[in-house]
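One file, structure.txt, carrying compact mmCIF, N, CA and C atoms and all ligand atoms:
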```
# COMPACT_ATOMS: atom_id res chain seq x y z
N MET J 1 31.20 -14.37 82.26
CA MET J 1 30.37 -15.41 81.64
C MET J 1 31.24 -16.57 81.18
N PHE J 2 30.73 -17.76 81.35
CA PHE J 2 31.42 -18.94 80.85
C PHE J 2 30.84 -19.27 79.49
N GLY J 3 31.70 -19.80 78.62
CA GLY J 3 31.25 -20.16 77.28
C GLY J 3 30.59 -21.51 77.28
N ASN J 4 30.48 -22.08 76.11
CA ASN J 4 29.87 -23.39 75.98
C ASN J 4 30.77 -24.45 76.58
N GLY J 5 30.21 -25.56 76.98
CA GLY J 5 30.98 -26.68 77.50
C GLY J 5 31.90 -27.23 76.43
N VAL J 6 32.99 -27.85 76.87
CA VAL J 6 33.98 -28.40 75.94
C VAL J 6 33.98 -29.91 76.08
N GLU J 7 33.77 -30.61 74.99
CA GLU J 7 33.90 -32.06 75.00
C GLU J 7 35.38 -32.39 75.04
N ILE J 8 35.78 -33.29 75.95
CA ILE J 8 37.21 -33.56 76.10
C ILE J 8 37.65 -34.66 75.14
N ASN J 9 38.52 -34.30 74.22
CA ASN J 9 39.23 -35.27 73.38
C ASN J 9 40.60 -34.66 73.12
N PHE J 10 41.45 -35.35 72.33
CA PHE J 10 42.81 -34.84 72.18
C PHE J 10 42.84 -33.53 71.41
N ARG J 11 41.89 -33.33 70.50
CA ARG J 11 41.84 -32.06 69.78
C ARG J 11 41.48 -30.93 70.74
N SER J 12 40.50 -31.17 71.60
CA SER J 12 40.12 -30.11 72.54
C SER J 12 41.18 -29.92 73.62
N LEU J 13 41.96 -30.97 73.94
CA LEU J 13 43.05 -30.80 74.91
C LEU J 13 44.10 -29.86 74.35
N GLY J 14 44.40 -29.99 73.05
CA GLY J 14 45.34 -29.08 72.41
C GLY J 14 44.80 -27.66 72.43
N LEU J 15 43.53 -27.52 72.20
CA LEU J 15 42.89 -26.21 72.25
C LEU J 15 42.94 -25.64 73.67
N LEU J 16 42.67 -26.52 74.66
CA LEU J 16 42.73 -26.07 76.05
C LEU J 16 44.13 -25.63 76.43
N HIS J 17 45.14 -26.36 75.95
CA HIS J 17 46.51 -25.93 76.22
C HIS J 17 46.75 -24.54 75.65
N ALA J 18 46.35 -24.33 74.39
CA ALA J 18 46.56 -23.03 73.75
C ALA J 18 45.85 -21.92 74.53
N MET J 19 44.62 -22.16 74.92
CA MET J 19 43.84 -21.14 75.62
C MET J 19 44.38 -20.86 77.02
N THR J 20 44.75 -21.92 77.74
CA THR J 20 45.15 -21.72 79.14
C THR J 20 46.59 -21.24 79.26
N SER J 21 47.37 -21.30 78.18
CA SER J 21 48.76 -20.84 78.25
C SER J 21 48.88 -19.36 77.88
N ARG J 22 47.82 -18.76 77.37
CA ARG J 22 47.90 -17.37 76.95
C ARG J 22 47.33 -16.40 77.96
N ALA J 23 46.57 -16.89 78.92
CA ALA J 23 45.93 -15.99 79.88
C ALA J 23 45.61 -16.77 81.15
N ASN J 24 45.35 -16.05 82.23
CA ASN J 24 44.92 -16.69 83.48
C ASN J 24 43.46 -17.11 83.33
N MET J 25 43.22 -18.40 83.50
CA MET J 25 41.87 -18.92 83.28
C MET J 25 41.29 -19.49 84.56
N THR J 26 39.97 -19.40 84.66
CA THR J 26 39.22 -20.01 85.76
C THR J 26 38.42 -21.19 85.20
N LEU J 27 38.49 -22.32 85.91
CA LEU J 27 37.73 -23.51 85.55
C LEU J 27 36.47 -23.57 86.40
N ARG J 28 35.33 -23.78 85.76
CA ARG J 28 34.08 -23.96 86.49
C ARG J 28 33.52 -25.34 86.18
N ILE J 29 33.13 -26.05 87.23
CA ILE J 29 32.53 -27.37 87.07
C ILE J 29 31.14 -27.35 87.71
N GLU J 30 30.15 -27.77 86.96
CA GLU J 30 28.78 -27.88 87.46
C GLU J 30 28.35 -29.34 87.39
N VAL J 31 27.69 -29.80 88.45
CA VAL J 31 27.24 -31.19 88.51
C VAL J 31 25.80 -31.19 89.02
N SER J 32 25.00 -32.12 88.51
CA SER J 32 23.62 -32.23 88.99
C SER J 32 23.22 -33.68 89.19
N LEU J 33 22.28 -33.88 90.12
CA LEU J 33 21.68 -35.18 90.37
C LEU J 33 20.31 -35.25 89.68
N PRO J 34 19.79 -36.46 89.47
CA PRO J 34 18.47 -36.59 88.84
C PRO J 34 17.37 -35.86 89.62
N ASP J 35 17.53 -35.70 90.95
CA ASP J 35 16.48 -35.04 91.73
C ASP J 35 16.55 -33.51 91.65
N GLY J 36 17.49 -33.00 90.86
CA GLY J 36 17.58 -31.55 90.67
C GLY J 36 18.62 -30.87 91.54
N THR J 37 19.22 -31.61 92.48
CA THR J 37 20.30 -31.05 93.30
C THR J 37 21.48 -30.67 92.41
N THR J 38 22.02 -29.48 92.64
CA THR J 38 23.16 -29.04 91.83
C THR J 38 24.29 -28.55 92.72
N GLY J 39 25.47 -28.49 92.15
CA GLY J 39 26.63 -27.91 92.82
C GLY J 39 27.58 -27.38 91.78
N PHE J 40 28.41 -26.44 92.21
CA PHE J 40 29.46 -25.97 91.29
C PHE J 40 30.72 -25.64 92.06
N ASP J 41 31.82 -25.70 91.35
CA ASP J 41 33.14 -25.31 91.83
C ASP J 41 33.78 -24.38 90.83
N GLU J 42 34.55 -23.42 91.32
CA GLU J 42 35.39 -22.63 90.44
C GLU J 42 36.81 -22.64 90.99
N TYR J 43 37.75 -22.88 90.09
CA TYR J 43 39.17 -22.95 90.46
C TYR J 43 39.97 -21.97 89.63
N SER J 44 40.87 -21.26 90.32
CA SER J 44 41.77 -20.34 89.61
C SER J 44 42.98 -21.12 89.08
N GLY J 45 43.68 -20.48 88.18
CA GLY J 45 44.94 -21.04 87.69
C GLY J 45 44.79 -22.30 86.86
N PHE J 46 43.68 -22.40 86.13
CA PHE J 46 43.47 -23.59 85.31
C PHE J 46 44.46 -23.58 84.14
N TYR J 47 45.18 -24.68 83.99
CA TYR J 47 46.19 -24.78 82.95
C TYR J 47 46.30 -26.22 82.48
N ILE J 48 46.38 -26.41 81.18
CA ILE J 48 46.65 -27.72 80.59
C ILE J 48 48.00 -27.64 79.89
N SER J 49 48.93 -28.53 80.27
CA SER J 49 50.29 -28.48 79.75
C SER J 49 50.33 -28.94 78.29
N PRO J 50 51.46 -28.73 77.60
CA PRO J 50 51.55 -29.06 76.16
C PRO J 50 51.39 -30.55 75.88
N PRO J 51 51.15 -30.90 74.61
CA PRO J 51 51.19 -32.30 74.19
C PRO J 51 52.56 -32.89 74.52
N ASP J 52 52.66 -34.22 74.79
CA ASP J 52 51.47 -35.05 74.73
C ASP J 52 51.07 -35.50 76.12
N GLN J 53 51.46 -34.71 77.13
CA GLN J 53 51.07 -35.06 78.50
C GLN J 53 49.71 -34.46 78.88
N TYR J 54 49.51 -33.20 78.50
CA TYR J 54 48.25 -32.50 78.82
C TYR J 54 47.94 -32.56 80.31
N ASN J 55 48.96 -32.30 81.13
CA ASN J 55 48.74 -32.34 82.59
C ASN J 55 47.68 -31.31 83.00
N PHE J 56 46.88 -31.72 83.97
CA PHE J 56 45.84 -30.86 84.54
C PHE J 56 46.46 -30.05 85.68
N LYS J 57 46.15 -28.77 85.75
CA LYS J 57 46.60 -27.98 86.90
C LYS J 57 45.57 -26.92 87.25
N VAL J 58 45.27 -26.82 88.53
CA VAL J 58 44.52 -25.68 89.07
C VAL J 58 45.26 -25.21 90.31
N ASP J 59 45.07 -23.92 90.68
CA ASP J 59 45.72 -23.39 91.87
C ASP J 59 44.88 -23.61 93.11
N ARG J 60 43.65 -23.03 93.13
CA ARG J 60 42.83 -23.17 94.33
C ARG J 60 41.37 -22.90 94.00
N ARG J 61 40.51 -23.43 94.86
CA ARG J 61 39.06 -23.19 94.74
C ARG J 61 38.78 -21.75 95.15
N ILE J 62 38.08 -21.03 94.30
CA ILE J 62 37.80 -19.62 94.59
C ILE J 62 36.31 -19.36 94.78
N ASN J 63 35.48 -20.33 94.42
CA ASN J 63 34.04 -20.16 94.58
C ASN J 63 33.42 -21.55 94.52
N SER J 64 32.31 -21.74 95.26
CA SER J 64 31.75 -23.08 95.33
C SER J 64 30.36 -23.02 95.95
N ALA J 65 29.51 -23.94 95.58
CA ALA J 65 28.21 -24.10 96.23
C ALA J 65 27.78 -25.56 96.11
N GLY J 66 27.25 -26.10 97.20
CA GLY J 66 26.76 -27.47 97.18
C GLY J 66 27.86 -28.51 97.17
N MET J 67 29.08 -28.09 97.49
CA MET J 67 30.23 -29.00 97.45
C MET J 67 30.82 -29.17 98.85
N SER J 68 31.47 -30.31 99.09
CA SER J 68 32.14 -30.53 100.36
C SER J 68 33.50 -29.84 100.36
N ARG J 69 34.15 -29.89 101.52
CA ARG J 69 35.50 -29.33 101.63
C ARG J 69 36.56 -30.38 101.31
N SER J 70 36.12 -31.55 100.93
CA SER J 70 37.05 -32.65 100.64
C SER J 70 37.18 -32.89 99.14
N TYR J 71 38.22 -33.60 98.77
CA TYR J 71 38.45 -34.01 97.39
C TYR J 71 38.58 -32.82 96.44
N LEU J 72 39.26 -31.77 96.89
CA LEU J 72 39.43 -30.61 96.02
C LEU J 72 40.31 -30.96 94.82
N LEU J 73 39.99 -30.35 93.69
CA LEU J 73 40.80 -30.58 92.50
C LEU J 73 42.21 -30.01 92.68
N SER J 74 42.36 -29.06 93.60
CA SER J 74 43.68 -28.46 93.84
C SER J 74 44.55 -29.32 94.76
N ASP J 75 43.97 -30.37 95.38
CA ASP J 75 44.76 -31.28 96.21
C ASP J 75 45.71 -32.09 95.32
N SER J 76 46.82 -32.49 95.89
CA SER J 76 47.76 -33.29 95.09
C SER J 76 48.50 -34.33 95.92
N ARG J 77 47.98 -34.65 97.10
CA ARG J 77 48.68 -35.61 97.95
C ARG J 77 48.02 -36.97 97.99
N GLY J 78 46.74 -37.04 97.61
CA GLY J 78 46.04 -38.32 97.67
C GLY J 78 46.17 -39.10 96.38
N ASN J 79 45.92 -40.41 96.48
CA ASN J 79 46.03 -41.27 95.30
C ASN J 79 45.01 -40.94 94.23
N GLY J 80 43.89 -40.32 94.63
CA GLY J 80 42.85 -40.03 93.66
C GLY J 80 42.87 -38.59 93.16
N ASP J 81 43.83 -37.79 93.63
CA ASP J 81 43.89 -36.39 93.22
C ASP J 81 44.40 -36.28 91.78
N ILE J 82 43.78 -35.40 91.03
CA ILE J 82 44.15 -35.30 89.60
C ILE J 82 45.10 -34.14 89.32
N ASN J 83 45.33 -33.26 90.29
CA ASN J 83 46.17 -32.09 90.03
C ASN J 83 47.58 -32.54 89.62
N HIS J 84 48.06 -31.99 88.52
CA HIS J 84 49.39 -32.26 87.93
C HIS J 84 49.46 -33.61 87.22
N GLN J 85 48.35 -34.32 87.10
CA GLN J 85 48.40 -35.62 86.42
C GLN J 85 48.26 -35.45 84.91
N PRO J 86 48.93 -36.30 84.12
CA PRO J 86 48.74 -36.29 82.67
C PRO J 86 47.40 -36.91 82.28
N PHE J 87 46.94 -36.60 81.09
CA PHE J 87 45.68 -37.16 80.60
C PHE J 87 45.94 -38.58 80.10
N SER J 88 45.18 -39.53 80.62
CA SER J 88 45.34 -40.94 80.25
C SER J 88 44.14 -41.44 79.46
N THR J 89 44.42 -42.32 78.52
CA THR J 89 43.36 -43.04 77.81
C THR J 89 43.67 -44.53 77.89
N TYR J 90 42.73 -45.38 77.43
CA TYR J 90 42.94 -46.82 77.56
C TYR J 90 44.21 -47.27 76.86
N ASP J 91 44.61 -46.55 75.80
CA ASP J 91 45.82 -46.94 75.05
C ASP J 91 47.00 -46.01 75.32
N LYS J 92 46.86 -45.13 76.30
CA LYS J 92 47.96 -44.25 76.67
C LYS J 92 47.90 -44.04 78.19
N ASP J 93 48.56 -44.96 78.89
CA ASP J 93 48.45 -45.05 80.34
C ASP J 93 49.50 -44.15 81.00
N GLY J 94 49.07 -42.99 81.51
CA GLY J 94 49.98 -42.09 82.20
C GLY J 94 49.68 -42.01 83.68
N ASP J 95 48.83 -42.92 84.18
CA ASP J 95 48.44 -42.86 85.59
C ASP J 95 49.51 -43.48 86.48
N ARG J 96 49.31 -43.40 87.80
CA ARG J 96 50.28 -43.92 88.76
C ARG J 96 49.91 -45.31 89.25
N SER J 97 48.88 -45.89 88.67
CA SER J 97 48.45 -47.23 89.08
C SER J 97 49.26 -48.28 88.32
N VAL J 98 49.47 -49.44 88.95
CA VAL J 98 50.09 -50.55 88.23
C VAL J 98 49.13 -51.08 87.18
N ASP J 99 47.84 -50.74 87.36
CA ASP J 99 46.81 -51.14 86.40
C ASP J 99 46.57 -49.99 85.42
N ASN J 100 45.53 -50.13 84.62
CA ASN J 100 45.20 -49.11 83.62
C ASN J 100 43.86 -48.47 84.01
N CYS J 101 43.94 -47.30 84.62
CA CYS J 101 42.74 -46.65 85.15
C CYS J 101 41.73 -46.35 84.05
N ALA J 102 42.19 -45.87 82.92
CA ALA J 102 41.27 -45.49 81.85
C ALA J 102 40.50 -46.71 81.35
N ARG J 103 41.17 -47.85 81.27
CA ARG J 103 40.50 -49.07 80.83
C ARG J 103 39.51 -49.54 81.90
N ASN J 104 39.92 -49.46 83.16
CA ASN J 104 39.07 -50.00 84.24
C ASN J 104 37.94 -49.06 84.64
N HIS J 105 38.12 -47.77 84.44
CA HIS J 105 37.12 -46.80 84.90
C HIS J 105 36.38 -46.11 83.77
N GLY J 106 36.78 -46.37 82.55
CA GLY J 106 36.02 -45.89 81.40
C GLY J 106 36.27 -44.45 81.07
N GLY J 107 36.72 -44.17 79.88
CA GLY J 107 36.89 -42.80 79.42
C GLY J 107 38.25 -42.22 79.73
N GLY J 108 38.68 -41.25 78.97
CA GLY J 108 39.95 -40.57 79.21
C GLY J 108 39.80 -39.56 80.34
N TRP J 109 40.85 -39.46 81.16
CA TRP J 109 40.80 -38.54 82.30
C TRP J 109 42.20 -38.36 82.86
N TRP J 110 42.35 -37.43 83.78
CA TRP J 110 43.65 -37.19 84.42
C TRP J 110 43.80 -38.13 85.60
N TYR J 111 43.88 -39.43 85.33
CA TYR J 111 43.90 -40.42 86.39
C TYR J 111 45.18 -40.38 87.19
N ASN J 112 45.04 -40.73 88.48
CA ASN J 112 46.19 -40.89 89.36
C ASN J 112 46.26 -42.39 89.70
N ASP J 113 45.66 -42.80 90.86
CA ASP J 113 45.65 -44.23 91.23
C ASP J 113 44.38 -44.53 92.01
N CYS J 114 43.13 -44.44 91.52
CA CYS J 114 42.89 -43.93 90.18
C CYS J 114 42.28 -42.52 90.25
N THR J 115 41.07 -42.37 90.88
CA THR J 115 40.52 -41.02 90.81
C THR J 115 39.35 -40.77 91.76
N TYR J 116 39.30 -39.55 92.29
CA TYR J 116 38.14 -39.08 93.05
C TYR J 116 37.14 -38.36 92.15
N SER J 117 37.56 -38.08 90.93
CA SER J 117 36.67 -37.40 89.99
C SER J 117 36.88 -37.99 88.61
N ASN J 118 35.80 -38.15 87.88
CA ASN J 118 35.89 -38.65 86.51
C ASN J 118 34.64 -38.22 85.77
N LEU J 119 34.69 -37.04 85.21
CA LEU J 119 33.52 -36.52 84.51
C LEU J 119 33.37 -37.11 83.13
N ASN J 120 34.31 -37.96 82.73
CA ASN J 120 34.18 -38.72 81.48
C ASN J 120 33.81 -40.17 81.74
N GLY J 121 33.50 -40.49 83.00
CA GLY J 121 33.13 -41.87 83.31
C GLY J 121 31.79 -42.24 82.69
N GLN J 122 31.56 -43.53 82.61
CA GLN J 122 30.35 -44.02 81.96
C GLN J 122 29.09 -43.52 82.66
N TYR J 123 28.18 -43.02 81.86
CA TYR J 123 26.94 -42.45 82.38
C TYR J 123 26.13 -43.49 83.13
N ASN J 124 25.48 -43.06 84.21
CA ASN J 124 24.62 -43.94 85.00
C ASN J 124 25.37 -45.03 85.75
N THR J 125 26.66 -44.81 85.98
CA THR J 125 27.43 -45.69 86.86
C THR J 125 28.19 -44.81 87.86
N ASP J 126 28.74 -45.45 88.92
CA ASP J 126 29.49 -44.65 89.87
C ASP J 126 30.90 -44.33 89.38
N GLU J 127 31.21 -44.71 88.14
CA GLU J 127 32.48 -44.28 87.53
C GLU J 127 32.38 -42.82 87.05
N PHE J 128 31.19 -42.35 86.83
CA PHE J 128 30.92 -40.95 86.51
C PHE J 128 30.85 -40.24 87.86
N ARG J 129 31.98 -39.65 88.27
CA ARG J 129 32.07 -39.24 89.68
C ARG J 129 32.72 -37.87 89.88
N TYR J 130 32.34 -37.28 90.99
CA TYR J 130 32.96 -36.03 91.46
C TYR J 130 32.73 -36.01 92.96
N PHE J 131 33.69 -36.60 93.70
CA PHE J 131 33.49 -36.87 95.12
C PHE J 131 33.22 -35.61 95.94
N SER J 132 33.72 -34.48 95.50
CA SER J 132 33.48 -33.25 96.24
C SER J 132 31.99 -32.91 96.25
N PHE J 133 31.27 -33.40 95.26
CA PHE J 133 29.82 -33.18 95.19
C PHE J 133 29.10 -34.28 95.97
N GLN J 134 29.16 -35.51 95.49
CA GLN J 134 28.52 -36.63 96.17
C GLN J 134 29.26 -37.91 95.78
N PRO J 135 29.93 -38.57 96.72
CA PRO J 135 30.58 -39.83 96.37
C PRO J 135 29.56 -40.91 96.01
N PHE J 136 29.81 -41.63 94.97
CA PHE J 136 29.05 -42.82 94.57
C PHE J 136 27.56 -42.57 94.34
N ARG J 137 27.21 -41.34 93.91
CA ARG J 137 25.85 -41.08 93.47
C ARG J 137 25.84 -41.04 91.96
N ALA J 138 24.72 -41.44 91.37
CA ALA J 138 24.58 -41.36 89.91
C ALA J 138 24.22 -39.91 89.55
N PHE J 139 25.09 -39.26 88.80
CA PHE J 139 24.84 -37.88 88.40
C PHE J 139 23.95 -37.84 87.16
N LYS J 140 23.27 -36.74 87.01
CA LYS J 140 22.51 -36.53 85.77
C LYS J 140 23.38 -35.81 84.74
N THR J 141 24.03 -34.74 85.16
CA THR J 141 24.85 -33.97 84.22
C THR J 141 26.13 -33.49 84.89
N SER J 142 27.11 -33.18 84.05
CA SER J 142 28.30 -32.45 84.49
C SER J 142 28.76 -31.57 83.34
N THR J 143 29.32 -30.43 83.70
CA THR J 143 29.83 -29.51 82.69
C THR J 143 31.14 -28.92 83.17
N MET J 144 32.12 -28.84 82.29
CA MET J 144 33.37 -28.14 82.57
C MET J 144 33.41 -26.92 81.67
N MET J 145 33.65 -25.76 82.25
CA MET J 145 33.71 -24.52 81.47
C MET J 145 34.93 -23.72 81.89
N LEU J 146 35.35 -22.83 81.06
CA LEU J 146 36.46 -21.96 81.45
C LEU J 146 36.18 -20.54 80.99
N ARG J 147 36.79 -19.60 81.70
CA ARG J 147 36.69 -18.20 81.34
C ARG J 147 37.97 -17.50 81.77
N LEU J 148 38.17 -16.31 81.24
CA LEU J 148 39.30 -15.49 81.65
C LEU J 148 39.11 -15.10 83.12
N SER J 149 40.20 -15.19 83.91
CA SER J 149 40.12 -14.78 85.31
C SER J 149 40.03 -13.27 85.39
N ASN J 150 39.45 -12.80 86.48
CA ASN J 150 39.32 -11.34 86.66
C ASN J 150 40.67 -10.72 86.98
CA CA M 1 49.08 -47.45 84.97
```
Here is a file; write its structure as C-alpha cells.
Amino acid sequence: MFGNGVEINFRSLGLLHAMTSRANMTLRIEVSLPDGTTGFDEYSGFYISPPDQYNFKVDRRINSAGMSRSYLLSDSRGNGDINHQPFSTYDKDGDRSVDNCARNHGGGWWYNDCTYSNLNGQYNTDEFRYFSFQPFRAFKTSTMMLRLSN
C-alpha cells in the first residue's frame, strides 16, 4: 500500500531523504486527465540525496499502465531527463540550462535543460507535465507516493 501523497517543499525533501536512505523504496506516480483517463508508473530504487542538492534518483520502471515507453524517469541521457538532477527553485538554480528553469517553468523540480516532467508545474498549463503519460495535455491530477520495496 502507498501512503498519502507528499507535497514537495524543502521540509518534505529532507523527510524524503531520511526515508529513502534507510530502506529500498518504490516511487509511484499517478496522473489523470479531465476526461477520466489515468496512468501510473512505479520505479524501484527511489532515493533523494542529502541537503542541499536533494538529487532525484530511480533505478528502473517496474510497473506501469497507460504510459508510453518514452521519457522514463530512469533515463539520464536526454536534456529533459530528471534522473540524478538536483532540486531547483527560482532562487536556487541547479539545472543544466543557461536559463533558470524553475523561474521559466514554474515551481520547484528536478530540472535538467529543462524537463520532460514537472508535476509541480502551474495547474491548467502545459508546464504541468509528464511526457510519458501525454505530452502537452492539461492534466487534472498528479500524485507522487512511495512505499517500501518488496
Ligand atoms: Ca540554470
| request: Report as a PyMOL selection string which protein, DNA and RNA residues come within 6.5 Å of ligand CA 1 (chain M), using only N, CA and C atoms and all ligand atoms. | output: chain J and resi 93-101
Output file for the residues above (N, CA and C atoms, as a short mmCIF file (atom, residue, chain, number, x, y, z; two decimals), in the frame of the given file):
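See selection33.cif below for the written result:
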```cif
data_model
loop_
_atom_site.label_atom_id
_atom_site.label_comp_id
_atom_site.auth_asym_id
_atom_site.auth_seq_id
_atom_site.Cartn_x
_atom_site.Cartn_y
_atom_site.Cartn_z
N ASP J 93 48.56 -44.96 78.89
CA ASP J 93 48.45 -45.05 80.34
C ASP J 93 49.50 -44.15 81.00
N GLY J 94 49.07 -42.99 81.51
CA GLY J 94 49.98 -42.09 82.20
C GLY J 94 49.68 -42.01 83.68
N ASP J 95 48.83 -42.92 84.18
CA ASP J 95 48.44 -42.86 85.59
C ASP J 95 49.51 -43.48 86.48
N ARG J 96 49.31 -43.40 87.80
CA ARG J 96 50.28 -43.92 88.76
C ARG J 96 49.91 -45.31 89.25
N SER J 97 48.88 -45.89 88.67
CA SER J 97 48.45 -47.23 89.08
C SER J 97 49.26 -48.28 88.32
N VAL J 98 49.47 -49.44 88.95
CA VAL J 98 50.09 -50.55 88.23
C VAL J 98 49.13 -51.08 87.18
N ASP J 99 47.84 -50.74 87.36
CA ASP J 99 46.81 -51.14 86.40
C ASP J 99 46.57 -49.99 85.42
N ASN J 100 45.53 -50.13 84.62
CA ASN J 100 45.20 -49.11 83.62
C ASN J 100 43.86 -48.47 84.01
N CYS J 101 43.94 -47.30 84.62
CA CYS J 101 42.74 -46.65 85.15
C CYS J 101 41.73 -46.35 84.05
#
```
Would you give me, as a tab-separated table, each residue of stretch 69-108 of chain J having an atom within 6 Å of an atom of stretch 126-146 of chain J, along with its shortest atom pair and that distance in Å to one decimal, using only C-alpha atoms and sorting by chain and residue number?
```
residue	atom	partner	partner_atom	distance
J:Ser70	CA	J:Ser132	CA	5.7
J:Tyr71	CA	J:Ser132	CA	5.2
J:His105	CA	J:Glu127	CA	5.9
```
Provide an axis-aligned box for all listed atoms of stretch 21-35 of chain J, padding each side by 6 Å; report its centre and its edge lengths in Å to one decimal, as JSON.
```
{"center_x": 32.7, "center_y": -26.3, "center_z": 84.3, "size_x": 44.4, "size_y": 32.6, "size_z": 26.8}
```
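Take atom N of J:Gly107 and atom N of J:Phe10: the distance between them is 12.5 Å.
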Would you mind writing down, as a PDB file with N, CA and C atoms, keeping the file's coordinate frame, each residue of chain J that DSSP on the backbone assigns to helix (DSSP H, G or I)?
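Now in result.pdb:
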```pdb
ATOM      1  N   PHE J  10      41.450 -35.350  72.330  1.00  0.00           N
ATOM      2  CA  PHE J  10      42.810 -34.840  72.180  1.00  0.00           C
ATOM      3  C   PHE J  10      42.840 -33.530  71.410  1.00  0.00           C
ATOM      4  N   ARG J  11      41.890 -33.330  70.500  1.00  0.00           N
ATOM      5  CA  ARG J  11      41.840 -32.060  69.780  1.00  0.00           C
ATOM      6  C   ARG J  11      41.480 -30.930  70.740  1.00  0.00           C
ATOM      7  N   SER J  12      40.500 -31.170  71.600  1.00  0.00           N
ATOM      8  CA  SER J  12      40.120 -30.110  72.540  1.00  0.00           C
ATOM      9  C   SER J  12      41.180 -29.920  73.620  1.00  0.00           C
ATOM     10  N   LEU J  13      41.960 -30.970  73.940  1.00  0.00           N
ATOM     11  CA  LEU J  13      43.050 -30.800  74.910  1.00  0.00           C
ATOM     12  C   LEU J  13      44.100 -29.860  74.350  1.00  0.00           C
ATOM     13  N   GLY J  14      44.400 -29.990  73.050  1.00  0.00           N
ATOM     14  CA  GLY J  14      45.340 -29.080  72.410  1.00  0.00           C
ATOM     15  C   GLY J  14      44.800 -27.660  72.430  1.00  0.00           C
ATOM     16  N   LEU J  15      43.530 -27.520  72.200  1.00  0.00           N
ATOM     17  CA  LEU J  15      42.890 -26.210  72.250  1.00  0.00           C
ATOM     18  C   LEU J  15      42.940 -25.640  73.670  1.00  0.00           C
ATOM     19  N   LEU J  16      42.670 -26.520  74.660  1.00  0.00           N
ATOM     20  CA  LEU J  16      42.730 -26.070  76.050  1.00  0.00           C
ATOM     21  C   LEU J  16      44.130 -25.630  76.430  1.00  0.00           C
ATOM     22  N   HIS J  17      45.140 -26.360  75.950  1.00  0.00           N
ATOM     23  CA  HIS J  17      46.510 -25.930  76.220  1.00  0.00           C
ATOM     24  C   HIS J  17      46.750 -24.540  75.650  1.00  0.00           C
ATOM     25  N   ALA J  18      46.350 -24.330  74.390  1.00  0.00           N
ATOM     26  CA  ALA J  18      46.560 -23.030  73.750  1.00  0.00           C
ATOM     27  C   ALA J  18      45.850 -21.920  74.530  1.00  0.00           C
ATOM     28  N   MET J  19      44.620 -22.160  74.920  1.00  0.00           N
ATOM     29  CA  MET J  19      43.840 -21.140  75.620  1.00  0.00           C
ATOM     30  C   MET J  19      44.380 -20.860  77.020  1.00  0.00           C
ATOM     31  N   THR J  20      44.750 -21.920  77.740  1.00  0.00           N
ATOM     32  CA  THR J  20      45.150 -21.720  79.140  1.00  0.00           C
ATOM     33  C   THR J  20      46.590 -21.240  79.260  1.00  0.00           C
ATOM     34  N   SER J  21      47.370 -21.300  78.180  1.00  0.00           N
ATOM     35  CA  SER J  21      48.760 -20.840  78.250  1.00  0.00           C
ATOM     36  C   SER J  21      48.880 -19.360  77.880  1.00  0.00           C
ATOM     37  N   ARG J  22      47.820 -18.760  77.370  1.00  0.00           N
ATOM     38  CA  ARG J  22      47.900 -17.370  76.950  1.00  0.00           C
ATOM     39  C   ARG J  22      47.330 -16.400  77.960  1.00  0.00           C
ATOM     40  N   CYS J 101      43.940 -47.300  84.620  1.00  0.00           N
ATOM     41  CA  CYS J 101      42.740 -46.650  85.150  1.00  0.00           C
ATOM     42  C   CYS J 101      41.730 -46.350  84.050  1.00  0.00           C
ATOM     43  N   ALA J 102      42.190 -45.870  82.920  1.00  0.00           N
ATOM     44  CA  ALA J 102      41.270 -45.490  81.850  1.00  0.00           C
ATOM     45  C   ALA J 102      40.500 -46.710  81.350  1.00  0.00           C
ATOM     46  N   ARG J 103      41.170 -47.850  81.270  1.00  0.00           N
ATOM     47  CA  ARG J 103      40.500 -49.070  80.830  1.00  0.00           C
ATOM     48  C   ARG J 103      39.510 -49.540  81.900  1.00  0.00           C
ATOM     49  N   ASN J 104      39.920 -49.460  83.160  1.00  0.00           N
ATOM     50  CA  ASN J 104      39.070 -50.000  84.240  1.00  0.00           C
ATOM     51  C   ASN J 104      37.940 -49.060  84.640  1.00  0.00           C
ATOM     52  N   HIS J 105      38.120 -47.770  84.440  1.00  0.00           N
ATOM     53  CA  HIS J 105      37.120 -46.800  84.900  1.00  0.00           C
ATOM     54  C   HIS J 105      36.380 -46.110  83.770  1.00  0.00           C
TER      55      HIS J 105
END
```
